[in-house]
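Peer 1: Supplied structure: my_file_0.cif, mmCIF, C-alpha atoms.
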```
data_data
loop_
_atom_site.label_atom_id
_atom_site.label_comp_id
_atom_site.auth_asym_id
_atom_site.auth_seq_id
_atom_site.Cartn_x
_atom_site.Cartn_y
_atom_site.Cartn_z
CA MET A 1165 69.68 -160.77 -89.28
CA THR A 1166 73.07 -159.09 -89.88
CA GLU A 1167 76.28 -160.91 -88.92
CA ILE A 1168 79.97 -159.98 -88.98
CA LEU A 1169 82.70 -162.38 -87.91
CA ILE A 1170 85.97 -160.99 -86.57
CA ARG A 1171 88.35 -163.90 -87.17
CA ASN A 1172 91.65 -165.03 -85.63
CA ALA A 1173 92.65 -162.19 -83.32
CA GLU A 1174 96.29 -162.14 -82.21
CA SER A 1175 94.89 -161.40 -78.76
CA LEU A 1176 91.36 -160.59 -77.64
CA LEU A 1177 91.25 -158.54 -74.43
CA THR A 1178 87.75 -159.10 -73.12
CA MET A 1179 87.72 -156.78 -70.07
CA ASP A 1180 85.07 -159.15 -68.73
CA ASP A 1181 84.77 -159.90 -65.01
CA GLN A 1182 87.64 -162.41 -65.25
CA ARG A 1183 89.72 -160.10 -67.51
CA ARG A 1184 90.25 -163.00 -69.92
CA GLU A 1185 92.78 -162.64 -72.73
CA LEU A 1186 92.17 -165.04 -75.62
CA ALA A 1187 94.73 -165.91 -78.30
CA GLY A 1188 93.54 -166.75 -81.82
CA ALA A 1189 89.89 -166.21 -80.92
CA ASP A 1190 86.98 -165.23 -83.15
CA LEU A 1191 84.13 -162.88 -82.27
CA LEU A 1192 80.70 -163.00 -83.88
CA ILE A 1193 78.53 -159.90 -84.12
CA ARG A 1194 74.82 -160.33 -84.70
CA ASP A 1195 72.30 -157.46 -84.91
CA GLY A 1196 74.47 -155.00 -83.00
CA ALA A 1197 75.44 -157.30 -80.14
CA ILE A 1198 78.16 -159.84 -79.44
CA ALA A 1199 76.70 -163.27 -80.21
CA ALA A 1200 79.70 -165.58 -79.62
CA ILE A 1201 83.39 -165.56 -78.70
CA GLY A 1202 85.67 -168.54 -79.25
CA PRO A 1203 87.67 -170.56 -81.76
CA ASP A 1204 86.55 -171.59 -85.23
CA LEU A 1205 83.28 -169.67 -85.37
CA GLU A 1206 81.31 -169.60 -88.62
CA THR A 1207 79.04 -167.10 -90.36
CA LYS A 1208 77.27 -166.55 -93.66
CA GLY A 1209 77.86 -162.84 -93.21
CA GLU A 1210 80.91 -160.61 -93.61
CA VAL A 1211 84.30 -161.80 -92.34
CA VAL A 1212 86.90 -159.33 -91.03
CA LEU A 1213 90.37 -160.81 -90.56
CA ALA A 1214 91.98 -159.88 -87.27
CA THR A 1215 95.28 -161.66 -87.91
CA GLY A 1216 98.03 -159.49 -86.44
CA CYS A 1217 95.52 -157.43 -84.46
CA VAL A 1218 94.77 -156.98 -80.79
CA VAL A 1219 91.00 -156.72 -80.30
CA THR A 1220 89.64 -154.68 -77.40
CA PRO A 1221 86.33 -153.19 -76.37
CA GLY A 1222 85.83 -149.75 -77.89
CA LEU A 1223 87.29 -147.03 -75.70
CA VAL A 1224 84.95 -144.77 -73.71
CA ASN A 1225 85.43 -141.02 -73.36
CA THR A 1226 83.76 -139.59 -70.25
CA HIS A 1227 84.51 -135.87 -70.68
CA HIS A 1228 84.84 -133.65 -73.74
CA HIS A 1229 83.92 -130.25 -75.16
CA LEU A 1230 83.64 -131.06 -78.84
CA TYR A 1231 83.08 -127.46 -79.92
CA GLN A 1232 86.60 -126.58 -78.77
CA SER A 1233 88.20 -128.40 -81.71
CA LEU A 1234 87.75 -125.08 -83.57
CA THR A 1235 90.05 -123.28 -81.11
CA ARG A 1236 93.15 -125.43 -80.83
CA ALA A 1237 96.45 -123.78 -79.90
CA VAL A 1238 95.01 -120.24 -79.63
CA PRO A 1239 98.11 -118.11 -78.92
CA GLY A 1240 96.63 -116.13 -76.04
CA GLY A 1241 95.70 -119.29 -74.17
CA GLN A 1242 98.65 -121.53 -74.92
CA ASP A 1243 100.48 -120.86 -71.65
CA ALA A 1244 97.65 -119.77 -69.34
CA LEU A 1245 96.21 -121.40 -66.25
CA LEU A 1246 92.54 -122.42 -66.25
CA PHE A 1247 90.85 -119.12 -65.42
CA GLY A 1248 93.09 -117.04 -67.69
CA TRP A 1249 92.68 -119.61 -70.45
CA LEU A 1250 88.90 -119.35 -70.18
CA GLN A 1251 88.95 -115.56 -70.24
CA THR A 1252 91.02 -115.69 -73.45
CA LEU A 1253 88.65 -118.08 -75.20
CA TYR A 1254 85.19 -116.98 -74.04
CA PRO A 1255 85.04 -114.01 -76.49
CA ILE A 1256 85.95 -116.31 -79.39
CA TRP A 1257 83.35 -118.92 -78.44
CA ALA A 1258 80.74 -116.16 -78.23
CA ARG A 1259 81.03 -115.81 -82.04
CA PHE A 1260 80.06 -119.45 -82.66
CA GLY A 1261 76.72 -120.49 -84.13
CA PRO A 1262 75.01 -123.74 -85.14
CA GLU A 1263 77.42 -124.52 -87.99
CA GLU A 1264 80.50 -124.04 -85.84
CA VAL A 1265 79.08 -126.32 -83.18
CA HIS A 1266 78.05 -128.98 -85.71
CA VAL A 1267 81.27 -129.02 -87.77
CA SER A 1268 83.53 -128.94 -84.71
CA ALA A 1269 81.58 -131.87 -83.29
CA LEU A 1270 82.06 -133.85 -86.51
CA THR A 1271 85.79 -133.14 -86.33
CA GLY A 1272 86.11 -134.09 -82.69
CA LEU A 1273 84.04 -137.25 -83.05
CA ALA A 1274 86.06 -138.41 -86.07
CA GLU A 1275 89.28 -137.83 -84.17
CA LEU A 1276 87.96 -139.89 -81.26
CA ALA A 1277 86.85 -142.70 -83.55
CA LEU A 1278 90.29 -142.94 -85.15
CA SER A 1279 91.75 -143.35 -81.65
CA GLY A 1280 89.48 -146.30 -80.88
CA CYS A 1281 86.60 -144.54 -79.13
CA THR A 1282 83.08 -145.95 -79.61
CA LEU A 1283 81.18 -144.15 -76.83
CA THR A 1284 81.72 -140.52 -75.85
CA SER A 1285 80.09 -137.98 -73.64
CA ASP A 1286 80.12 -134.28 -74.47
CA HIS A 1287 79.71 -131.27 -72.19
CA LEU A 1288 78.23 -128.39 -74.20
CA TYR A 1289 77.66 -125.50 -71.80
CA LEU A 1290 77.36 -122.50 -74.15
CA TYR A 1291 74.76 -121.88 -76.84
CA PRO A 1292 75.61 -118.69 -78.74
CA ASN A 1293 73.70 -117.37 -81.73
CA GLY A 1294 71.09 -120.12 -81.94
CA ALA A 1295 73.36 -123.15 -81.34
CA ARG A 1296 71.65 -126.11 -79.67
CA LEU A 1297 72.58 -129.50 -78.27
CA ASP A 1298 70.74 -130.90 -81.29
CA ASP A 1299 73.68 -129.78 -83.48
CA THR A 1300 76.09 -132.18 -81.75
CA ILE A 1301 73.57 -135.01 -81.58
CA ALA A 1302 73.12 -134.75 -85.34
CA ALA A 1303 76.90 -134.97 -85.80
CA ALA A 1304 77.13 -138.15 -83.71
CA GLY A 1305 74.35 -139.67 -85.79
CA GLU A 1306 76.23 -138.89 -89.01
CA ILE A 1307 79.47 -140.51 -87.90
CA GLY A 1308 77.84 -143.36 -85.98
CA LEU A 1309 79.36 -143.05 -82.50
CA ARG A 1310 77.41 -143.92 -79.37
CA PHE A 1311 76.77 -140.56 -77.70
CA HIS A 1312 76.07 -139.22 -74.22
CA PRO A 1313 75.69 -135.45 -74.70
CA THR A 1314 74.99 -133.28 -71.66
CA ARG A 1315 72.94 -130.11 -71.61
CA GLY A 1316 75.45 -127.79 -69.95
CA ALA A 1317 74.85 -124.23 -68.87
CA MET A 1318 76.33 -121.03 -67.45
CA SER A 1319 74.09 -118.59 -65.60
CA ILE A 1320 76.39 -116.20 -63.70
CA GLY A 1321 78.15 -113.70 -65.95
CA GLU A 1322 80.81 -111.09 -65.27
CA SER A 1323 78.30 -108.45 -64.16
CA ASP A 1324 77.20 -110.77 -61.34
CA GLY A 1325 80.71 -111.74 -60.27
CA GLY A 1326 81.08 -114.81 -62.48
CA LEU A 1327 83.86 -115.67 -64.91
CA PRO A 1328 82.06 -115.91 -68.31
CA PRO A 1329 80.96 -112.82 -70.25
CA ASP A 1330 77.29 -111.94 -69.93
CA ALA A 1331 76.71 -112.78 -73.60
CA LEU A 1332 77.34 -116.47 -72.88
CA VAL A 1333 75.06 -116.94 -69.88
CA GLU A 1334 71.38 -117.92 -69.91
CA ARG A 1335 68.38 -117.44 -67.64
CA GLU A 1336 68.11 -120.40 -65.29
CA ALA A 1337 64.45 -121.01 -66.13
CA ASP A 1338 65.38 -121.21 -69.81
CA ILE A 1339 68.21 -123.63 -69.04
CA LEU A 1340 65.94 -126.03 -67.19
CA ALA A 1341 63.21 -125.77 -69.83
CA ASP A 1342 65.65 -126.63 -72.62
CA ALA A 1343 67.05 -129.53 -70.58
CA VAL A 1344 63.52 -130.96 -70.43
CA ARG A 1345 63.15 -130.43 -74.18
CA VAL A 1346 66.33 -132.28 -75.18
CA ILE A 1347 65.73 -135.13 -72.72
CA ASP A 1348 62.21 -135.64 -74.03
CA ALA A 1349 63.41 -135.45 -77.64
CA PHE A 1350 66.57 -137.57 -77.53
CA HIS A 1351 67.19 -139.52 -74.32
CA ASP A 1352 66.89 -143.29 -74.69
CA PRO A 1353 67.13 -145.24 -71.41
CA ALA A 1354 67.04 -148.65 -73.10
CA GLU A 1355 69.95 -151.07 -73.19
CA GLY A 1356 71.93 -150.53 -76.39
CA ALA A 1357 70.83 -146.90 -76.67
CA MET A 1358 72.79 -144.81 -79.15
CA VAL A 1359 71.92 -141.52 -77.41
CA ARG A 1360 71.46 -140.71 -73.76
CA VAL A 1361 71.25 -137.16 -72.45
CA GLY A 1362 72.58 -135.75 -69.18
CA ILE A 1363 72.26 -132.43 -67.33
CA ALA A 1364 75.51 -130.56 -66.72
CA PRO A 1365 75.74 -127.04 -65.23
CA CYS A 1366 79.25 -125.98 -66.19
CA SER A 1367 80.98 -125.45 -62.85
CA PRO A 1368 80.49 -124.05 -59.35
CA PHE A 1369 81.95 -120.71 -60.49
CA SER A 1370 79.58 -120.20 -63.44
CA VAL A 1371 76.15 -121.21 -62.07
CA SER A 1372 74.21 -120.58 -58.87
CA ARG A 1373 73.54 -122.94 -55.98
CA ASP A 1374 69.88 -122.87 -56.98
CA LEU A 1375 70.63 -124.10 -60.49
CA MET A 1376 72.87 -126.88 -59.18
CA ARG A 1377 70.13 -128.01 -56.80
CA ASP A 1378 67.32 -127.67 -59.36
CA ALA A 1379 69.36 -129.54 -61.98
CA ALA A 1380 69.82 -132.46 -59.57
CA LEU A 1381 66.11 -132.58 -58.84
CA LEU A 1382 65.23 -132.45 -62.55
CA ALA A 1383 67.77 -135.14 -63.46
CA ARG A 1384 66.35 -137.53 -60.89
CA ASP A 1385 62.81 -136.81 -61.95
CA LYS A 1386 63.78 -137.60 -65.56
CA GLY A 1387 66.06 -140.52 -64.75
CA VAL A 1388 69.18 -139.02 -66.38
CA MET A 1389 72.73 -138.48 -65.17
CA LEU A 1390 74.43 -135.37 -63.80
CA HIS A 1391 77.83 -133.99 -64.75
CA THR A 1392 79.99 -130.95 -63.95
CA HIS A 1393 83.59 -129.81 -63.43
CA LEU A 1394 84.90 -130.14 -59.89
CA ALA A 1395 88.14 -129.56 -57.97
CA GLU A 1396 90.14 -129.02 -61.14
CA ASN A 1397 93.01 -126.95 -59.73
CA ASP A 1398 94.11 -124.83 -56.78
CA GLU A 1399 92.11 -121.83 -58.02
CA ASP A 1400 89.01 -124.02 -58.01
CA ILE A 1401 89.56 -125.04 -54.38
CA ALA A 1402 90.22 -121.45 -53.30
CA TYR A 1403 87.03 -120.27 -55.04
CA SER A 1404 84.96 -122.93 -53.31
CA ILE A 1405 86.30 -122.10 -49.86
CA ALA A 1406 85.94 -118.34 -50.40
CA HIS A 1407 82.42 -118.42 -51.88
CA PHE A 1408 80.84 -121.52 -50.33
CA GLY A 1409 82.77 -121.94 -47.09
CA CYS A 1410 83.67 -125.54 -47.88
CA ARG A 1411 85.69 -127.75 -50.19
CA PRO A 1412 84.17 -128.88 -53.51
CA GLY A 1413 83.29 -132.38 -52.29
CA GLN A 1414 81.20 -131.02 -49.45
CA TYR A 1415 79.58 -128.49 -51.80
CA ALA A 1416 78.63 -131.31 -54.17
CA GLU A 1417 77.18 -133.45 -51.40
CA ASP A 1418 75.17 -130.55 -49.92
CA LEU A 1419 73.47 -129.91 -53.28
CA GLY A 1420 72.65 -133.53 -54.14
CA TRP A 1421 75.57 -133.99 -56.50
CA THR A 1422 76.84 -137.34 -55.27
CA GLY A 1423 75.59 -140.80 -56.18
CA PRO A 1424 75.81 -143.43 -58.93
CA ASP A 1425 73.99 -141.09 -61.34
CA VAL A 1426 76.69 -138.37 -60.99
CA TRP A 1427 80.14 -138.04 -62.49
CA HIS A 1428 82.53 -135.13 -62.04
CA ALA A 1429 85.29 -134.05 -64.42
CA HIS A 1430 88.91 -133.68 -63.28
CA CYS A 1431 88.85 -133.94 -59.44
CA VAL A 1432 92.60 -133.27 -59.47
CA LYS A 1433 92.52 -131.75 -56.00
CA LEU A 1434 90.21 -134.10 -54.13
CA ASP A 1435 91.54 -134.86 -50.66
CA GLY A 1436 91.26 -138.17 -48.82
CA GLN A 1437 87.90 -137.38 -47.23
CA GLU A 1438 86.41 -136.40 -50.59
CA ILE A 1439 87.74 -139.56 -52.22
CA ASP A 1440 86.11 -141.64 -49.49
CA LEU A 1441 82.84 -139.69 -49.91
CA PHE A 1442 82.77 -140.32 -53.65
CA ALA A 1443 83.66 -143.98 -53.21
CA ARG A 1444 80.90 -144.54 -50.61
CA SER A 1445 78.30 -142.76 -52.72
CA GLN A 1446 79.46 -144.44 -55.98
CA THR A 1447 80.06 -141.04 -57.56
CA GLY A 1448 82.13 -141.24 -60.77
CA VAL A 1449 85.19 -139.29 -61.90
CA ALA A 1450 86.32 -138.40 -65.43
CA HIS A 1451 90.12 -138.24 -65.37
CA CYS A 1452 91.62 -135.93 -68.04
CA PRO A 1453 95.40 -136.30 -67.70
CA CYS A 1454 96.57 -134.46 -70.85
CA SER A 1455 94.41 -131.40 -70.19
CA ASN A 1456 95.49 -131.38 -66.54
CA CYS A 1457 99.12 -131.33 -67.73
CA ARG A 1458 98.47 -128.72 -70.42
CA LEU A 1459 96.85 -126.30 -67.94
CA GLY A 1460 99.28 -127.08 -65.13
CA SER A 1461 96.45 -128.26 -62.89
CA GLY A 1462 98.32 -131.18 -61.34
CA ILE A 1463 98.17 -134.97 -61.22
CA ALA A 1464 94.83 -136.40 -60.10
CA PRO A 1465 95.12 -139.02 -57.31
CA ILE A 1466 93.80 -141.83 -59.50
CA ARG A 1467 95.75 -144.54 -57.69
CA ALA A 1468 94.15 -143.51 -54.39
CA MET A 1469 90.72 -143.29 -56.05
CA ARG A 1470 90.98 -146.76 -57.56
CA ASP A 1471 92.25 -148.24 -54.30
CA ALA A 1472 89.25 -146.72 -52.49
CA GLY A 1473 86.87 -148.33 -54.99
CA LEU A 1474 85.91 -145.09 -56.73
CA ARG A 1475 84.63 -145.41 -60.32
CA VAL A 1476 87.09 -143.73 -62.73
CA GLY A 1477 86.93 -143.23 -66.49
CA LEU A 1478 89.05 -141.23 -68.92
CA GLY A 1479 88.30 -137.99 -70.74
CA VAL A 1480 90.22 -136.17 -73.44
CA ASP A 1481 88.61 -132.88 -72.33
CA GLY A 1482 88.23 -130.04 -74.80
CA SER A 1483 90.54 -129.73 -77.76
CA ALA A 1484 91.38 -126.19 -76.67
CA SER A 1485 92.89 -127.40 -73.37
CA ASN A 1486 94.33 -130.62 -74.74
CA ASP A 1487 94.76 -129.65 -78.40
CA THR A 1488 94.11 -133.22 -79.44
CA GLY A 1489 91.42 -135.83 -78.87
CA ASN A 1490 93.25 -139.13 -78.97
CA LEU A 1491 91.80 -141.41 -76.31
CA VAL A 1492 94.37 -144.20 -76.49
CA GLN A 1493 97.12 -141.64 -75.95
CA GLU A 1494 95.09 -140.31 -73.01
CA ALA A 1495 95.15 -143.79 -71.48
CA ARG A 1496 98.92 -143.97 -71.88
CA GLN A 1497 99.29 -140.55 -70.26
CA ALA A 1498 97.12 -141.64 -67.33
CA MET A 1499 99.38 -144.63 -66.78
CA LEU A 1500 102.56 -142.56 -66.98
CA LEU A 1501 101.37 -139.84 -64.60
CA GLN A 1502 100.44 -142.33 -61.90
CA ARG A 1503 103.93 -143.81 -62.26
CA VAL A 1504 105.50 -140.35 -61.95
CA ALA A 1505 103.48 -139.68 -58.80
CA ASN A 1506 103.59 -143.11 -57.17
CA GLY A 1507 106.33 -145.25 -58.72
CA ALA A 1508 106.82 -147.44 -61.78
CA ASN A 1509 104.51 -150.18 -60.46
CA ALA A 1510 101.65 -147.80 -59.66
CA MET A 1511 99.62 -148.55 -62.79
CA SER A 1512 100.02 -151.25 -65.43
CA ALA A 1513 99.24 -150.87 -69.11
CA ARG A 1514 96.34 -153.28 -68.69
CA GLU A 1515 94.82 -151.37 -65.78
CA ALA A 1516 94.98 -148.11 -67.73
CA LEU A 1517 93.28 -149.83 -70.67
CA GLU A 1518 90.63 -151.15 -68.31
CA ILE A 1519 89.95 -147.59 -67.11
CA ALA A 1520 89.64 -146.53 -70.76
CA THR A 1521 87.08 -149.26 -71.56
CA ARG A 1522 84.86 -150.82 -68.88
CA GLY A 1523 85.88 -148.10 -66.39
CA GLY A 1524 84.45 -145.35 -68.55
CA ALA A 1525 81.39 -147.39 -69.46
CA ASP A 1526 80.63 -147.93 -65.78
CA VAL A 1527 81.04 -144.21 -65.03
CA LEU A 1528 78.45 -143.43 -67.73
CA GLY A 1529 76.05 -146.08 -66.43
CA ARG A 1530 76.61 -148.33 -69.47
CA PRO A 1531 77.36 -151.89 -68.29
CA ASP A 1532 76.19 -152.98 -71.77
CA CYS A 1533 79.40 -151.44 -73.17
CA GLY A 1534 83.11 -151.49 -72.38
CA ARG A 1535 83.64 -155.25 -72.38
CA LEU A 1536 83.67 -158.08 -74.90
CA GLU A 1537 81.09 -160.57 -73.64
CA VAL A 1538 78.19 -162.41 -75.22
CA GLY A 1539 75.14 -160.18 -75.01
CA LYS A 1540 77.06 -156.91 -74.71
CA ARG A 1541 76.95 -154.29 -77.45
CA ALA A 1542 79.26 -154.82 -80.42
CA ASP A 1543 81.51 -151.79 -79.81
CA ILE A 1544 84.89 -153.19 -80.83
CA ALA A 1545 88.35 -151.85 -81.71
CA LEU A 1546 90.96 -153.70 -83.77
CA TRP A 1547 94.57 -152.54 -83.34
CA ASP A 1548 97.17 -153.58 -85.92
CA VAL A 1549 100.28 -154.69 -84.00
CA THR A 1550 102.32 -155.59 -87.08
CA GLY A 1551 103.53 -152.03 -87.64
CA ILE A 1552 106.53 -150.02 -86.48
CA ASP A 1553 104.81 -149.01 -83.21
CA SER A 1554 104.83 -152.62 -81.98
CA ALA A 1555 107.91 -153.94 -83.74
CA GLY A 1556 110.01 -155.90 -81.24
CA SER A 1557 107.30 -155.96 -78.58
CA TRP A 1558 107.28 -159.12 -76.44
CA ASP A 1559 103.71 -158.43 -75.32
CA PRO A 1560 101.54 -157.01 -78.11
CA ALA A 1561 98.56 -156.87 -75.72
CA ALA A 1562 100.40 -154.20 -73.70
CA LEU A 1563 99.15 -151.65 -76.22
CA LEU A 1564 99.83 -148.61 -74.06
CA LEU A 1565 103.52 -149.46 -73.76
CA ALA A 1566 104.23 -150.37 -77.39
CA GLY A 1567 101.32 -150.11 -79.74
CA PRO A 1568 99.52 -148.00 -82.32
CA SER A 1569 97.80 -144.74 -81.45
CA ARG A 1570 95.33 -145.12 -84.32
CA VAL A 1571 92.82 -147.93 -84.71
CA LYS A 1572 92.67 -150.16 -87.81
CA HIS A 1573 88.97 -151.09 -87.66
CA LEU A 1574 86.22 -149.81 -85.37
CA PHE A 1575 82.69 -151.13 -84.92
CA VAL A 1576 79.86 -149.39 -83.07
CA GLU A 1577 76.66 -151.34 -82.54
CA GLY A 1578 78.07 -153.74 -85.12
CA ARG A 1579 78.43 -151.05 -87.80
CA GLN A 1580 81.88 -150.27 -89.15
CA VAL A 1581 82.87 -146.66 -88.44
CA VAL A 1582 86.60 -146.99 -89.19
CA ARG A 1583 87.91 -149.26 -91.96
CA ASP A 1584 91.63 -149.69 -92.59
CA GLY A 1585 92.44 -146.61 -90.55
CA GLN A 1586 89.97 -144.31 -92.33
CA ILE A 1587 86.55 -143.00 -91.31
CA ALA A 1588 84.05 -145.11 -93.25
CA THR A 1589 80.92 -143.07 -92.56
CA LEU A 1590 81.99 -139.55 -93.43
CA ASP A 1591 83.77 -137.53 -96.12
CA LEU A 1592 86.45 -136.51 -93.64
CA PRO A 1593 88.58 -134.35 -96.00
CA ARG A 1594 85.52 -132.22 -96.69
CA VAL A 1595 84.84 -131.84 -92.95
CA ILE A 1596 88.46 -130.83 -92.32
CA GLU A 1597 88.29 -128.27 -95.13
CA ARG A 1598 85.14 -126.73 -93.64
CA GLN A 1599 86.60 -126.82 -90.12
CA ASN A 1600 89.70 -124.94 -91.25
CA ALA A 1601 87.61 -122.36 -93.09
CA LEU A 1602 85.54 -121.71 -89.97
CA ALA A 1603 88.69 -121.43 -87.85
CA ARG A 1604 90.18 -118.87 -90.25
CA ALA A 1605 86.97 -116.84 -90.09
CA LEU A 1606 87.11 -116.83 -86.30
CA MET A 1607 90.71 -115.59 -86.39
CA GLY A 1608 89.27 -112.71 -88.40
#
```
Show the structure stored in the file as structure tokens.
Peer 2:
Amino acid sequence: MTEILIRNAESLLTMDDQRRELAGADLLIRDGAIAAIGPDLETKGEVVLATGCVVTPGLVNTHHHLYQSLTRAVPGGQDALLFGWLQTLYPIWARFGPEEVHVSALTGLAELALSGCTLTSDHLYLYPNGARLDDTIAAAGEIGLRFHPTRGAMSIGESDGGLPPDALVEREADILADAVRVIDAFHDPAEGAMVRVGIAPCSPFSVSRDLMRDAALLARDKGVMLHTHLAENDEDIAYSIAHFGCRPGQYAEDLGWTGPDVWHAHCVKLDGQEIDLFARSQTGVAHCPCSNCRLGSGIAPIRAMRDAGLRVGLGVDGSASNDTGNLVQEARQAMLLQRVANGANAMSAREALEIATRGGADVLGRPDCGRLEVGKRADIALWDVTGIDSAGSWDPAALLLAGPSRVKHLFVEGRQVVRDGQIATLDLPRVIERQNALARALMG
């Protein structure tokens, strides 16, 4: 039996059903789960002092492309809209291989961990030169984050009227066969699972109707979740109407892509009927505010989605369309954008933090994560509020208004991944050195 006691938190934000906030509380971790919360707890195990810290559930990232951390701030894509941005980057990504995918995943996962993230999804939809989903799963195992990778895919290349170059598309039979392989090899449906696998055709403009439909059938047969990009910007809506004769929400429903086992990235341009459809069907949304700003896609109607009862989580999106992967900053940006769109009282700091924790966990089908309750998984972030970021704050628990953007300590399944602001499980300087060497080679 392994125990760790987190002692004397300045404030412990539980994100439980009552949204309790506890001052001076302790939290006991035992064998990867939360065993007790309250004052004056005792242990014979390790003690971590939380004096001067706000303790929250680990943050949850519901949409990412980890491989893109190798192509940050590429000059040709810095000021482009979505489709032009993709066309700039596709030829670079086509030169990736297993090492690029693995090292970029290590980099992206470490960056997430330092921003308080304990559970992340990843959408890997291209597999050049022998790269496999296995390369990212291995990286998550090395760093110790809870991982929900998705087997993405593109099947319609330029010669068939699609956006990606032919070199980056795959045969649809091969896509489905490899999805079965990775699910059988890695997916763990059990509570407390460290790895679950989803199926994720890239987007309506890079795969066929048949693949979307077949992917939904396969996912339900295997009991895994479905993920794709949807309604990201005006170009996306125009493409859907021109090619499918309907808006993206209707397209998704027609192909079996609504339900509690589905979550869509972005959804910036959902209209009221689509929001109601997703709310009724319990379909989830991954909101990526920084990427949406970076690509000029717009402000997603998150206030309307939340008011309709739609499940919403946060995503940092790829580091080539965001250029960073800081999830706590993403939560702040989500809060600010809803205020810009709807007024200063449209979203509180606590609601945005809720979206970043239990909101994302619920989108990914993980009610065992995203809240600090006895019996839930010990995925816990400690934020030091004694520094300059919080100096003068009257409400240290309002982290997204005045608080640190880097975590002090981070626990995943009760194991410490970040200690005193540094990755504890990885030689990060060596990873950064290798990442930069690979990036220089790609610049060629």
Peer 1: Please identify all polymer residues within 6 Å of region 1171-1179 of chain A, counting all atoms listed in the file, omitting same-chain residues fewer than 5 positions from it, and present them as a ChimeraX atom specification.
Peer 2: /A:1184-1190,1213-1220,1535-1536
Peer 1: Name the closest residue to Leu1205 (chain A) among the candidates A:Leu1501, A:Ala1341, A:His1229, A:Leu1169; distances are taken between atoms, counting only C-alpha atoms.
Peer 2: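 The shortest atom-to-atom distance to Leu1205 (chain A) comes from A:Leu1169.
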Peer 1: Nearest to Gly1462 (chain A) among A:Asp1425, A:Glu1515, A:Glu1399, A:Asp1348, with distances taken over all atoms listed in the file: which residue is it?
Peer 2: A:Glu1399
Peer 1: Rounded to one decimal in Å, what is the spacing between CA of His1393 (chain A) and CA of Ala1244 (chain A)?
Peer 2: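 Going from CA of His1393 (chain A) over to CA of Ala1244 (chain A), I get 18.3 Å.
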Peer 1: Please write as a PDB file with C-alpha atoms, keeping the file's coordinate frame the full residue list that the PyMOL selection byres ((chain A and resi 1571) around 7) yields on this file.
Peer 2:
```
ATOM      1  CA  LEU A1278      90.290-142.940 -85.150  1.00  0.00           C
ATOM      2  CA  SER A1279      91.750-143.350 -81.650  1.00  0.00           C
ATOM      3  CA  GLY A1280      89.480-146.300 -80.880  1.00  0.00           C
ATOM      4  CA  ALA A1545      88.350-151.850 -81.710  1.00  0.00           C
ATOM      5  CA  LEU A1546      90.960-153.700 -83.770  1.00  0.00           C
ATOM      6  CA  TRP A1547      94.570-152.540 -83.340  1.00  0.00           C
ATOM      7  CA  SER A1569      97.800-144.740 -81.450  1.00  0.00           C
ATOM      8  CA  ARG A1570      95.330-145.120 -84.320  1.00  0.00           C
ATOM      9  CA  LYS A1572      92.670-150.160 -87.810  1.00  0.00           C
ATOM     10  CA  HIS A1573      88.970-151.090 -87.660  1.00  0.00           C
ATOM     11  CA  LEU A1574      86.220-149.810 -85.370  1.00  0.00           C
ATOM     12  CA  GLY A1585      92.440-146.610 -90.550  1.00  0.00           C
TER      13      GLY A1585
END
```
Peer 1: Rank nothing, just name the residue among A:Arg1360, A:Arg1194, A:Lys1208, A:His1451 nearest to His1430 (chain A), using all atoms listed in the file.
Peer 2: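 With all atoms listed in the file as the atom set, the closest residue is A:His1451.
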Peer 1: Between A:Met1389, A:Ile1193, A:Val1595, A:Leu1283, single out the one closest to Gly1308 (chain A), counting all atoms listed in the file.
Peer 2: A:Leu1283
Peer 1: Using only C-alpha atoms, find the one residue out of A:Pro1255, A:Gly1272, A:Gly1241, A:Gly1316 that sits nearest to Asp1481 (chain A).
Peer 2: A:Gly1272
Peer 1: Using only C-alpha atoms, give me every residue within 12 Å of (74.7, -136.3, -61.7) in file coordinates, as a PyMOL selection string.
Peer 2: chain A and resi 1314-1316+1361-1365+1376-1393+1416-1417+1419-1429+1445-1449+1527-1529
Peer 1: Select, from A:Val1224, A:Val1492, A:Ala1542, A:Ala1484, the residue with the minimum atom-to-atom distance to Pro1239 (chain A), counting all atoms listed in the file.
Peer 2: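 Among A:Val1224, A:Val1492, A:Ala1542, A:Ala1484, it is A:Ala1484 that comes nearest to Pro1239 (chain A).
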Peer 1: Report the distance between CA of Gly1222 (chain A) and CA of Ala1588 (chain A) in Å, rounded to one decimal place.
Peer 2: 16.1 Å
Peer 1: At a cut-off of 10 Å, using all atoms listed in the file, what residues contact Leu1394 (chain A)? Leave out same-chain residues fewer than 4 positions from it and give the result as a CSV table (one decimal) with C-alpha atoms, keeping the file's coordinate frame.
Peer 2:
```csv
chain,number,residue,atom,x,y,z
A,1366,CYS,CA,79.2,-126.0,-66.2
A,1367,SER,CA,81.0,-125.4,-62.8
A,1368,PRO,CA,80.5,-124.0,-59.4
A,1369,PHE,CA,82.0,-120.7,-60.5
A,1400,ASP,CA,89.0,-124.0,-58.0
A,1401,ILE,CA,89.6,-125.0,-54.4
A,1404,SER,CA,85.0,-122.9,-53.3
A,1412,PRO,CA,84.2,-128.9,-53.5
A,1413,GLY,CA,83.3,-132.4,-52.3
A,1415,TYR,CA,79.6,-128.5,-51.8
A,1416,ALA,CA,78.6,-131.3,-54.2
A,1427,TRP,CA,80.1,-138.0,-62.5
A,1428,HIS,CA,82.5,-135.1,-62.0
A,1429,ALA,CA,85.3,-134.0,-64.4
A,1430,HIS,CA,88.9,-133.7,-63.3
A,1431,CYS,CA,88.8,-133.9,-59.4
A,1432,VAL,CA,92.6,-133.3,-59.5
A,1433,LYS,CA,92.5,-131.8,-56.0
A,1434,LEU,CA,90.2,-134.1,-54.1
A,1449,VAL,CA,85.2,-139.3,-61.9
```
